[in-house]
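So the structure is just underneath, and the comments pick up after that.
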Amino acid sequence: QVQLEESGGGLVQPGGSLRLSCAASGLTLNECNMGWFRQAPGKQREFVAALNWSATRTLYADSVKGRFTISRDNAKNTLYLQMNSLKPEDTAVYYCAADVDIGLPTTQAMGAHGRYDYWGQGTQVTVSS
């Protein structure tokens, strides 16, 4: 059974940092494309960042480029999202997701919500003073 468990969310002041983790079981991260998505109250779920199976390609939403970094630890089978210079508009529930079809027509394809087969339950990030 595949499980993705996010952690690391919380309340942080604007300009602060958080690191989210996504611990995976039932699948191996270096055999999947992995993504982070977020959903703010009253809004649709949106793409944040993705890392392909071989860790040779990354994709970021324009709104987080230069501030967020996606990475993984193969030994721990865990995906990370380092979030720096946080803004109030980053407030959302953050979800990690796994895409087991590693074939990608383009790097941009990793941003498609519909590609992902497995989702975690999410972790709340609140950026507020």
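Letters A, B, ... go to the chains of the structure tokens in the order shown; residues in each chain start at 1; ligands are counted from 1 in the same order.
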
Quiz prompt | Which of range 23-105 of chain A fall in strand (DSSP E), as a PyMOL selection string | solution = chain A and resi 23-25+33-39+46-51+58-60+68-73+78-83+92-99

Self-check item: Surrounding residues of Ile102 in chain A excluding itself and chain neighbours under 4 positions, 7 Å, only C-alpha atoms, as a ChimeraX atom specification
Solution: /A:32-33,53

Those same residues, written as a compact mmCIF listing (two decimals), in the first residue's frame with C-alpha atoms?
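Just written: part23.txt:
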```txt
# COMPACT_ATOMS: atom_id res chain seq x y z
CA CYS A 32 8.77 8.10 -9.56
CA ASN A 33 8.36 11.68 -10.60
CA TRP A 53 12.68 10.22 -11.17
```

Exercise. Would you mind telling me which residue in A:Tyr60, A:Asn74, A:Ala109, A:Gln124 lies nearest to Asn30 in chain A when using only C-alpha atoms?
Key: A:Asn74

Exercise. Could you tell me how far CA of Glu46 in chain A lies from CA of Thr28 in chain A, in Å and to one decimal?
Key: 24.2 Å

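The shell of residues at most 8 Å from Asp117 in chain A, with only C-alpha atoms counted and near chain neighbours (fewer than 2 positions) removed, consists of Ala97, Ala98, Asp99, Val100, Gly114, Arg115 and Trp119 of chain A.
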
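Residues surrounding Val64 in chain A within 9 Å are Val48, Ala49, Met83 and Asp90 of chain A [only C-alpha atoms; sequence separation below 6 positions excluded].
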
Give me the range 43-100 of chain A side of the contact with range 2-25 of chain A, cut-off 6 Å, one line per residue showing its nearest atom pair and distance in Å at one decimal, counting only C-alpha atoms, sorted by chain and residue number, as a Markdown table.
```
| residue | atom | partner | partner_atom | distance |
| --- | --- | --- | --- | --- |
| A:Asn77 | CA | A:Ala24 | CA | 5.9 |
| A:Thr78 | CA | A:Ala23 | CA | 4.5 |
| A:Leu79 | CA | A:Cys22 | CA | 4.9 |
| A:Tyr80 | CA | A:Ser21 | CA | 4.6 |
| A:Leu81 | CA | A:Leu20 | CA | 5.0 |
| A:Gln82 | CA | A:Arg19 | CA | 4.4 |
| A:Met83 | CA | A:Leu18 | CA | 5.3 |
| A:Asn84 | CA | A:Ser17 | CA | 4.4 |
| A:Ser85 | CA | A:Gly15 | CA | 4.2 |
| A:Leu86 | CA | A:Gly15 | CA | 4.9 |
| A:Lys87 | CA | A:Pro14 | CA | 5.1 |
```

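The residue that comes closest to Ala50 in chain A, out of A:Ser63, A:Glu31, A:Met110, A:Thr91 and on the basis of only C-alpha atoms, is A:Met110.
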
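Once Tyr94 in chain A and its same-chain neighbours fewer than 4 positions away are set aside, Phe37, Arg38, Gly122 and Thr123 of chain A remain within 6 Å of it when counting only C-alpha atoms.
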
Selection export as a JSON list (two decimals), in the first residue's frame, atoms kept: all heavy atoms:
```json
[["chain", "number", "residue", "atom", "x", "y", "z"],
["A", 37, "PHE", "N", 2.23, 20.27, -4.46],
["A", 37, "PHE", "CA", 1.12, 21.12, -4.84],
["A", 37, "PHE", "C", 0.61, 21.81, -3.58],
["A", 37, "PHE", "O", 0.94, 21.41, -2.46],
["A", 37, "PHE", "CB", -0.02, 20.29, -5.46],
["A", 37, "PHE", "CG", 0.33, 19.71, -6.81],
["A", 37, "PHE", "CD1", 1.17, 18.61, -6.93],
["A", 37, "PHE", "CD2", -0.17, 20.27, -7.97],
["A", 37, "PHE", "CE1", 1.50, 18.08, -8.16],
["A", 37, "PHE", "CE2", 0.15, 19.75, -9.21],
["A", 37, "PHE", "CZ", 0.98, 18.66, -9.31],
["A", 38, "ARG", "N", -0.20, 22.85, -3.76],
["A", 38, "ARG", "CA", -0.79, 23.53, -2.61],
["A", 38, "ARG", "C", -2.19, 23.99, -2.94],
["A", 38, "ARG", "O", -2.53, 24.20, -4.10],
["A", 38, "ARG", "CB", 0.09, 24.70, -2.17],
["A", 38, "ARG", "CG", 0.16, 25.85, -3.15],
["A", 38, "ARG", "CD", 1.17, 26.89, -2.68],
["A", 38, "ARG", "NE", 1.25, 28.03, -3.59],
["A", 38, "ARG", "CZ", 2.14, 29.00, -3.49],
["A", 38, "ARG", "NH1", 3.04, 29.00, -2.49],
["A", 38, "ARG", "NH2", 2.14, 30.00, -4.35],
["A", 122, "GLY", "N", -1.60, 16.12, 3.23],
["A", 122, "GLY", "CA", -1.33, 17.55, 3.28],
["A", 122, "GLY", "C", -0.84, 18.03, 4.63],
["A", 122, "GLY", "O", -1.10, 17.40, 5.66],
["A", 123, "THR", "N", -0.13, 19.16, 4.60],
["A", 123, "THR", "CA", 0.33, 19.81, 5.81],
["A", 123, "THR", "C", 0.10, 21.31, 5.66],
["A", 123, "THR", "O", 0.36, 21.88, 4.60],
["A", 123, "THR", "CB", 1.82, 19.49, 6.09],
["A", 123, "THR", "OG1", 2.21, 20.05, 7.35],
["A", 123, "THR", "CG2", 2.75, 20.03, 5.01]]
```

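Computed from the coordinates, the CA of Phe68 in chain A to CA of Ser128 in chain A distance equals 17.8 Å.
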
Exercise. Quick one: pick out all helix (DSSP H, G or I) residues within chain A from a backbone DSSP run and write them as a PyMOL selection string.
Key: chain A and resi 29-31+88-90+107-111+113-115

Quiz prompt | Surrounding residues of Leu51 in chain A excluding itself and chain neighbours under 4 positions, 7 Å, only C-alpha atoms, as a ChimeraX atom specification | solution = /A:33-35,55,57-59,70

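Atom to atom, CA of Gln39 in chain A and CA of Asp62 in chain A stand 15.9 Å apart.
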
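Checking A:Pro88, A:Gly111, A:Gly66, A:Pro105 one by one against Arg45 in chain A, counting only C-alpha atoms, you find the shortest gap at A:Gly111.
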
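Shortest atom-to-atom contact with Tyr95 in chain A among A:Leu27, A:Ala75, A:Ala61, A:Val125: A:Val125, counting only C-alpha atoms.
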